[in-house]
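Next up, work20.pdb (PDB, C-alpha atoms):
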ATOM      1  CA  MET W 749       0.000   0.000   0.000  1.00  0.00           C
ATOM      2  CA  ILE W 750       1.412   3.320  -1.074  1.00  0.00           C
ATOM      3  CA  LYS W 751       0.749   5.091   2.258  1.00  0.00           C
ATOM      4  CA  LYS W 752       2.748   2.475   4.159  1.00  0.00           C
ATOM      5  CA  ARG W 753       5.586   2.461   1.633  1.00  0.00           C
ATOM      6  CA  ILE W 754       6.001   6.228   1.459  1.00  0.00           C
ATOM      7  CA  GLY W 755       5.648   6.507   5.239  1.00  0.00           C
ATOM      8  CA  LYS W 756       8.505   4.075   5.807  1.00  0.00           C
ATOM      9  CA  ARG W 757      10.609   5.880   3.214  1.00  0.00           C
ATOM     10  CA  ILE W 758       9.985   9.281   4.807  1.00  0.00           C
ATOM     11  CA  ALA W 759      10.791   7.968   8.309  1.00  0.00           C
ATOM     12  CA  ARG W 760      14.068   6.499   7.063  1.00  0.00           C
ATOM     13  CA  LEU W 761      15.123   9.616   5.150  1.00  0.00           C
ATOM     14  CA  ARG W 762      14.148  11.884   8.052  1.00  0.00           C
ATOM     15  CA  LYS W 763      16.319   9.925  10.481  1.00  0.00           C
ATOM     16  CA  GLU W 764      19.206   9.766   8.017  1.00  0.00           C
ATOM     17  CA  ALA W 765      18.991  13.545   7.677  1.00  0.00           C
ATOM     18  CA  GLY W 766      19.205  13.861  11.469  1.00  0.00           C
ATOM     19  CA  PHE W 767      15.750  15.315  12.050  1.00  0.00           C
ATOM     20  CA  THR W 768      13.634  14.512  15.074  1.00  0.00           C
ATOM     21  CA  GLN W 769       9.913  14.319  14.280  1.00  0.00           C
ATOM     22  CA  GLU W 770       9.559  17.665  16.057  1.00  0.00           C
ATOM     23  CA  ARG W 771      12.181  19.423  13.940  1.00  0.00           C
ATOM     24  CA  PHE W 772      10.895  17.751  10.800  1.00  0.00           C
ATOM     25  CA  ALA W 773       7.383  18.980  11.555  1.00  0.00           C
ATOM     26  CA  GLU W 774       8.732  22.524  11.829  1.00  0.00           C
ATOM     27  CA  ALA W 775      10.723  22.177   8.605  1.00  0.00           C
ATOM     28  CA  THR W 776       7.730  20.900   6.645  1.00  0.00           C
ATOM     29  CA  ASN W 777       5.104  23.075   8.314  1.00  0.00           C
ATOM     30  CA  TYR W 778       3.181  20.011   9.473  1.00  0.00           C
ATOM     31  CA  SER W 779       2.165  19.082  12.992  1.00  0.00           C
ATOM     32  CA  VAL W 780       4.172  16.417  14.804  1.00  0.00           C
ATOM     33  CA  GLU W 781       0.979  14.363  14.888  1.00  0.00           C
ATOM     34  CA  PHE W 782       0.620  14.491  11.114  1.00  0.00           C
ATOM     35  CA  ILE W 783       4.274  13.510  10.573  1.00  0.00           C
ATOM     36  CA  SER W 784       3.772  10.591  12.926  1.00  0.00           C
ATOM     37  CA  PHE W 785       0.622   9.512  11.065  1.00  0.00           C
ATOM     38  CA  VAL W 786       2.397   9.799   7.706  1.00  0.00           C
ATOM     39  CA  GLU W 787       5.378   7.756   8.892  1.00  0.00           C
ATOM     40  CA  ARG W 788       3.088   5.040  10.201  1.00  0.00           C
ATOM     41  CA  GLY W 789       1.195   4.916   6.890  1.00  0.00           C
ATOM     42  CA  ILE W 790      -2.074   6.124   8.389  1.00  0.00           C
ATOM     43  CA  HIS W 791      -2.243   9.353   6.355  1.00  0.00           C
ATOM     44  CA  ALA W 792      -0.816   9.993   2.902  1.00  0.00           C
ATOM     45  CA  PRO W 793       0.587  13.463   2.363  1.00  0.00           C
ATOM     46  CA  SER W 794      -0.732  15.405  -0.632  1.00  0.00           C
ATOM     47  CA  LEU W 795       1.576  15.993  -3.580  1.00  0.00           C
ATOM     48  CA  GLU W 796       2.136  19.515  -2.341  1.00  0.00           C
ATOM     49  CA  GLY W 797       3.027  18.033   1.051  1.00  0.00           C
ATOM     50  CA  CYS W 798       5.412  15.569  -0.594  1.00  0.00           C
ATOM     51  CA  GLU W 799       7.132  18.527  -2.214  1.00  0.00           C
ATOM     52  CA  ARG W 800       7.518  20.230   1.175  1.00  0.00           C
ATOM     53  CA  ILE W 801       8.913  17.000   2.615  1.00  0.00           C
ATOM     54  CA  ALA W 802      11.363  16.603  -0.290  1.00  0.00           C
ATOM     55  CA  ASN W 803      12.445  20.230   0.084  1.00  0.00           C
ATOM     56  CA  ALA W 804      13.055  19.810   3.829  1.00  0.00           C
ATOM     57  CA  LEU W 805      15.179  16.737   3.045  1.00  0.00           C
ATOM     58  CA  ASN W 806      16.929  18.598   0.215  1.00  0.00           C
ATOM     59  CA  ILE W 807      16.095  15.876  -2.313  1.00  0.00           C
ATOM     60  CA  THR W 808      13.935  15.733  -5.437  1.00  0.00           C
ATOM     61  CA  LEU W 809      10.453  14.228  -5.507  1.00  0.00           C
ATOM     62  CA  SER W 810      11.869  11.492  -7.717  1.00  0.00           C
ATOM     63  CA  GLU W 811      14.386  10.651  -4.985  1.00  0.00           C
ATOM     64  CA  LEU W 812      11.675  10.713  -2.321  1.00  0.00           C
ATOM     65  CA  PHE W 813       9.690   8.144  -4.318  1.00  0.00           C
ATOM     66  CA  LYS W 814      12.543   5.679  -4.698  1.00  0.00           C
ATOM     67  CA  LEU W 815      10.602   3.126  -2.703  1.00  0.00           C
ATOM     68  CA  GLU W 816      12.426   0.066  -1.530  1.00  0.00           C
ATOM     69  CA  GLU W 817      10.152  -2.456  -3.183  1.00  0.00           C
ATOM     70  CA  ASP W 818      10.602  -0.863  -6.609  1.00  0.00           C
ATOM     71  CA  PRO W 819      12.688  -2.940  -8.987  1.00  0.00           C
ATOM     72  CA  PRO W 820      15.751  -1.122 -10.325  1.00  0.00           C
ATOM     73  CA  ARG W 821      15.283   0.406 -13.789  1.00  0.00           C
TER      74      ARG W 821
ATOM     75  CA  MET H 309       3.582  24.614  -8.790  1.00  0.00           C
ATOM     76  CA  ILE H 310       3.546  20.892  -8.312  1.00  0.00           C
ATOM     77  CA  LYS H 311       0.098  20.363  -9.889  1.00  0.00           C
ATOM     78  CA  LYS H 312       1.194  22.050 -13.117  1.00  0.00           C
ATOM     79  CA  ARG H 313       4.516  20.229 -13.216  1.00  0.00           C
ATOM     80  CA  ILE H 314       3.127  16.762 -12.617  1.00  0.00           C
ATOM     81  CA  GLY H 315       0.260  17.451 -15.035  1.00  0.00           C
ATOM     82  CA  LYS H 316       2.663  18.310 -17.833  1.00  0.00           C
ATOM     83  CA  ARG H 317       4.761  15.276 -17.043  1.00  0.00           C
ATOM     84  CA  ILE H 318       1.763  12.940 -17.081  1.00  0.00           C
ATOM     85  CA  ALA H 319       0.481  14.378 -20.379  1.00  0.00           C
ATOM     86  CA  ARG H 320       3.881  13.869 -21.994  1.00  0.00           C
ATOM     87  CA  LEU H 321       4.326  10.318 -20.700  1.00  0.00           C
ATOM     88  CA  ARG H 322       0.765   9.385 -21.658  1.00  0.00           C
ATOM     89  CA  LYS H 323       1.303  10.564 -25.244  1.00  0.00           C
ATOM     90  CA  GLU H 324       4.693   8.855 -25.458  1.00  0.00           C
ATOM     91  CA  ALA H 325       3.032   5.627 -24.314  1.00  0.00           C
ATOM     92  CA  GLY H 326       0.467   5.992 -27.108  1.00  0.00           C
ATOM     93  CA  PHE H 327      -2.590   6.477 -24.911  1.00  0.00           C
ATOM     94  CA  THR H 328      -5.475   8.761 -25.820  1.00  0.00           C
ATOM     95  CA  GLN H 329      -6.990  10.501 -22.792  1.00  0.00           C
ATOM     96  CA  GLU H 330      -9.948   8.129 -23.150  1.00  0.00           C
ATOM     97  CA  ARG H 331      -7.846   4.975 -23.060  1.00  0.00           C
ATOM     98  CA  PHE H 332      -5.696   6.397 -20.276  1.00  0.00           C
ATOM     99  CA  ALA H 333      -8.798   7.132 -18.211  1.00  0.00           C
ATOM    100  CA  GLU H 334      -9.849   3.502 -18.620  1.00  0.00           C
ATOM    101  CA  ALA H 335      -6.379   2.234 -17.715  1.00  0.00           C
ATOM    102  CA  THR H 336      -6.197   4.334 -14.554  1.00  0.00           C
ATOM    103  CA  ASN H 337      -9.832   4.015 -13.544  1.00  0.00           C
ATOM    104  CA  TYR H 338     -10.297   7.791 -13.706  1.00  0.00           C
ATOM    105  CA  SER H 339     -12.809   9.763 -15.723  1.00  0.00           C
ATOM    106  CA  VAL H 340     -11.630  11.485 -18.897  1.00  0.00           C
ATOM    107  CA  GLU H 341     -12.556  14.779 -17.237  1.00  0.00           C
ATOM    108  CA  PHE H 342     -10.315  14.070 -14.270  1.00  0.00           C
ATOM    109  CA  ILE H 343      -7.384  13.095 -16.516  1.00  0.00           C
ATOM    110  CA  SER H 344      -7.878  16.318 -18.455  1.00  0.00           C
ATOM    111  CA  PHE H 345      -7.959  18.344 -15.231  1.00  0.00           C
ATOM    112  CA  VAL H 346      -4.819  16.613 -13.954  1.00  0.00           C
ATOM    113  CA  GLU H 347      -2.933  17.217 -17.204  1.00  0.00           C
ATOM    114  CA  ARG H 348      -3.863  20.900 -17.126  1.00  0.00           C
ATOM    115  CA  GLY H 349      -2.681  21.220 -13.536  1.00  0.00           C
ATOM    116  CA  ILE H 350      -6.133  21.982 -12.164  1.00  0.00           C
ATOM    117  CA  HIS H 351      -6.371  18.885  -9.973  1.00  0.00           C
ATOM    118  CA  ALA H 352      -3.531  16.988  -8.340  1.00  0.00           C
ATOM    119  CA  PRO H 353      -3.969  13.233  -8.205  1.00  0.00           C
ATOM    120  CA  SER H 354      -3.616  11.598  -4.794  1.00  0.00           C
ATOM    121  CA  LEU H 355      -0.583   9.412  -4.111  1.00  0.00           C
ATOM    122  CA  GLU H 356      -2.731   6.372  -4.675  1.00  0.00           C
ATOM    123  CA  GLY H 357      -3.814   7.895  -7.996  1.00  0.00           C
ATOM    124  CA  CYS H 358      -0.178   8.586  -8.912  1.00  0.00           C
ATOM    125  CA  GLU H 359       0.510   4.923  -8.324  1.00  0.00           C
ATOM    126  CA  ARG H 360      -2.342   3.929 -10.648  1.00  0.00           C
ATOM    127  CA  ILE H 361      -0.987   6.344 -13.254  1.00  0.00           C
ATOM    128  CA  ALA H 362       2.558   4.979 -12.909  1.00  0.00           C
ATOM    129  CA  ASN H 363       1.238   1.408 -13.177  1.00  0.00           C
ATOM    130  CA  ALA H 364      -0.721   2.238 -16.353  1.00  0.00           C
ATOM    131  CA  LEU H 365       2.459   3.739 -17.820  1.00  0.00           C
ATOM    132  CA  ASN H 366       4.505   0.760 -16.594  1.00  0.00           C
ATOM    133  CA  ILE H 367       6.987   2.992 -14.773  1.00  0.00           C
ATOM    134  CA  THR H 368       7.913   3.509 -11.119  1.00  0.00           C
ATOM    135  CA  LEU H 369       6.640   6.411  -9.040  1.00  0.00           C
ATOM    136  CA  SER H 370      10.211   7.682  -8.947  1.00  0.00           C
ATOM    137  CA  GLU H 371      10.232   7.774 -12.757  1.00  0.00           C
ATOM    138  CA  LEU H 372       6.848   9.499 -12.832  1.00  0.00           C
ATOM    139  CA  PHE H 373       8.241  12.245 -10.592  1.00  0.00           C
ATOM    140  CA  LYS H 374      11.294  12.971 -12.719  1.00  0.00           C
ATOM    141  CA  LEU H 375      10.011  16.464 -13.359  1.00  0.00           C
ATOM    142  CA  GLU H 376      11.705  18.485 -16.023  1.00  0.00           C
ATOM    143  CA  GLU H 377      12.683  21.387 -13.826  1.00  0.00           C
ATOM    144  CA  ASP H 378      14.506  19.149 -11.365  1.00  0.00           C
ATOM    145  CA  PRO H 379      18.276  19.508 -11.438  1.00  0.00           C
ATOM    146  CA  PRO H 380      20.135  16.273 -12.197  1.00  0.00           C
ATOM    147  CA  ARG H 381      21.481  14.471  -9.125  1.00  0.00           C
TER     148      ARG H 381
END

Please express the file's structure as structure tokens.
Amino acid sequence: MIKKRIGKRIARLRKEAGFTQERFAEATNYSVEFISFVERGIHAPSLEGCERIANALNITLSELFKLEEDPPR
Amino acid sequence: MIKKRIGKRIARLRKEAGFTQERFAEATNYSVEFISFVERGIHAPSLEGCERIANALNITLSELFKLEEDPPR
């Protein structure tokens, strides 16, 4: 399910970038609760939200969507 | 704006894949009107919709989000 997959990806990238959920919420202009819901695959961010998340992580949307289950191309 | 950028990208990929808007609507389980709105950047598809679009195009989400204005990484 896409919500679960993107949530796991975001959680991993956030930690790798050294953000706590609190600091990541500030950087993306989301609430900590929403970030937590996204990371657990309960909510899916909108595309505009994905762009904010990618910007906070300093990566492209394409990079953000490199989901682990995707086969290499 | 992300809606405009992804809309342009989807329109280009759809045409390259040889889909009319009608056939693409069938393949993605959207209405022709919604596809038209997405391609013109009026509506943004949800993440789940982006996945259906990527599946119809036989590409990954990461590939779908290779937007033209993104710098190479």

Identify all residues satisfying the PyMOL selection byres ((chain W) within 9 of (chain H)) in the given file; provide them as an mmCIF file with C-alpha atoms, in the frame of the given file.
data_model
loop_
_atom_site.group_PDB
_atom_site.id
_atom_site.type_symbol
_atom_site.label_atom_id
_atom_site.label_comp_id
_atom_site.auth_asym_id
_atom_site.auth_seq_id
_atom_site.Cartn_x
_atom_site.Cartn_y
_atom_site.Cartn_z
ATOM 1 C CA MET W 749 0.000 0.000 0.000
ATOM 2 C CA ILE W 750 1.412 3.320 -1.074
ATOM 3 C CA LYS W 751 0.749 5.091 2.258
ATOM 4 C CA ALA W 792 -0.816 9.993 2.902
ATOM 5 C CA PRO W 793 0.587 13.463 2.363
ATOM 6 C CA SER W 794 -0.732 15.405 -0.632
ATOM 7 C CA LEU W 795 1.576 15.993 -3.580
ATOM 8 C CA GLU W 796 2.136 19.515 -2.341
ATOM 9 C CA GLU W 799 7.132 18.527 -2.214
ATOM 10 C CA ILE W 807 16.095 15.876 -2.313
ATOM 11 C CA THR W 808 13.935 15.733 -5.437
ATOM 12 C CA LEU W 809 10.453 14.228 -5.507
ATOM 13 C CA SER W 810 11.869 11.492 -7.717
ATOM 14 C CA GLU W 811 14.386 10.651 -4.985
ATOM 15 C CA LEU W 812 11.675 10.713 -2.321
ATOM 16 C CA PHE W 813 9.690 8.144 -4.318
ATOM 17 C CA LYS W 814 12.543 5.679 -4.698
ATOM 18 C CA LEU W 815 10.602 3.126 -2.703
ATOM 19 C CA ASP W 818 10.602 -0.863 -6.609
ATOM 20 C CA PRO W 819 12.688 -2.940 -8.987
ATOM 21 C CA ARG W 821 15.283 0.406 -13.789
#

Just fit chain H onto chain W on all the Cα atoms, in order, by least squares, and give it as a compact mmCIF listing (two decimals) with C-alpha atoms, in the frame of the given file.
# COMPACT_ATOMS: atom_id res chain seq x y z
CA MET H 309 0.03 0.02 -0.03
CA ILE H 310 1.43 3.34 -1.08
CA LYS H 311 0.74 5.09 2.25
CA LYS H 312 2.75 2.48 4.16
CA ARG H 313 5.58 2.48 1.64
CA ILE H 314 6.00 6.24 1.46
CA GLY H 315 5.65 6.50 5.25
CA LYS H 316 8.51 4.08 5.80
CA ARG H 317 10.60 5.87 3.23
CA ILE H 318 9.99 9.28 4.81
CA ALA H 319 10.79 7.98 8.31
CA ARG H 320 14.07 6.51 7.08
CA LEU H 321 15.12 9.62 5.15
CA ARG H 322 14.14 11.90 8.04
CA LYS H 323 16.31 9.91 10.48
CA GLU H 324 19.21 9.77 8.01
CA ALA H 325 18.99 13.55 7.67
CA GLY H 326 19.21 13.87 11.46
CA PHE H 327 15.75 15.32 12.04
CA THR H 328 13.63 14.51 15.08
CA GLN H 329 9.91 14.32 14.28
CA GLU H 330 9.56 17.67 16.05
CA ARG H 331 12.18 19.43 13.95
CA PHE H 332 10.89 17.76 10.80
CA ALA H 333 7.37 18.98 11.55
CA GLU H 334 8.73 22.52 11.83
CA ALA H 335 10.72 22.17 8.61
CA THR H 336 7.72 20.91 6.64
CA ASN H 337 5.10 23.08 8.30
CA TYR H 338 3.18 20.01 9.47
CA SER H 339 2.16 19.08 12.99
CA VAL H 340 4.17 16.41 14.81
CA GLU H 341 0.98 14.33 14.89
CA PHE H 342 0.62 14.49 11.13
CA ILE H 343 4.27 13.52 10.57
CA SER H 344 3.78 10.58 12.93
CA PHE H 345 0.62 9.52 11.08
CA VAL H 346 2.39 9.80 7.72
CA GLU H 347 5.37 7.75 8.89
CA ARG H 348 3.06 5.03 10.19
CA GLY H 349 1.19 4.92 6.89
CA ILE H 350 -2.08 6.14 8.38
CA HIS H 351 -2.24 9.36 6.36
CA ALA H 352 -0.81 10.00 2.92
CA PRO H 353 0.60 13.46 2.37
CA SER H 354 -0.73 15.39 -0.63
CA LEU H 355 1.58 16.00 -3.58
CA GLU H 356 2.14 19.51 -2.34
CA GLY H 357 3.03 18.04 1.06
CA CYS H 358 5.42 15.56 -0.59
CA GLU H 359 7.13 18.52 -2.19
CA ARG H 360 7.51 20.24 1.18
CA ILE H 361 8.92 17.01 2.61
CA ALA H 362 11.36 16.60 -0.28
CA ASN H 363 12.45 20.24 0.09
CA ALA H 364 13.06 19.81 3.84
CA LEU H 365 15.18 16.74 3.05
CA ASN H 366 16.93 18.60 0.21
CA ILE H 367 16.09 15.88 -2.32
CA THR H 368 13.94 15.73 -5.45
CA LEU H 369 10.45 14.24 -5.50
CA SER H 370 11.86 11.49 -7.72
CA GLU H 371 14.38 10.65 -4.99
CA LEU H 372 11.68 10.72 -2.32
CA PHE H 373 9.70 8.15 -4.32
CA LYS H 374 12.54 5.68 -4.70
CA LEU H 375 10.60 3.14 -2.69
CA GLU H 376 12.42 0.08 -1.53
CA GLU H 377 10.16 -2.44 -3.18
CA ASP H 378 10.60 -0.87 -6.60
CA PRO H 379 12.66 -2.95 -9.01
CA PRO H 380 15.75 -1.18 -10.36
CA ARG H 381 15.31 0.36 -13.81

**OP:** Find the residues around Glu816 (chain W) up to 10 Å (only C-alpha atoms counted), leave out those fewer than 5 positions away in its own chain, and share them as a ChimeraX atom specification.
**Re:** /W:753-754,756-757

Subject >> Target residues per the PyMOL selection byres ((chain H and resi 346) around 10), formatted as a list of chain:residue names >> reply: H:Lys311, H:Lys312, H:Ile314, H:Gly315, H:Lys316, H:Ile318, H:Ala319, H:Val340, H:Glu341, H:Phe342, H:Ile343, H:Ser344, H:Phe345, H:Glu347, H:Arg348, H:Gly349, H:Ile350, H:His351, H:Ala352, H:Pro353

Please report, as AutoDock Vina command-line options, the centre and edge lengths in Å to one decimal of an axis-aligned box covering all listed atoms of region 749-767 of chain W with 4 Å per side.
--center_x 9.6 --center_y 7.7 --center_z 5.5 --size_x 27.2 --size_y 23.3 --size_z 21.1

Original post:
How many Å lie between CA of Leu321 (chain H) and CA of Ala362 (chain H), rounded to one decimal?
Top reply: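 Separation of CA of Leu321 (chain H) and CA of Ala362 (chain H): 9.6 Å.
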
Subject >> Length of the CA of Asn363 (chain H) to CA of Asn803 (chain W) vector [Å] >> reply: 25.6 Å

**OP:** Take CA of Arg360 (chain H) and CA of Ser339 (chain H) and report the distance between them in Å, one decimal.
**Re:**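 CA of Ser339 (chain H) lies 13.0 Å from CA of Arg360 (chain H).
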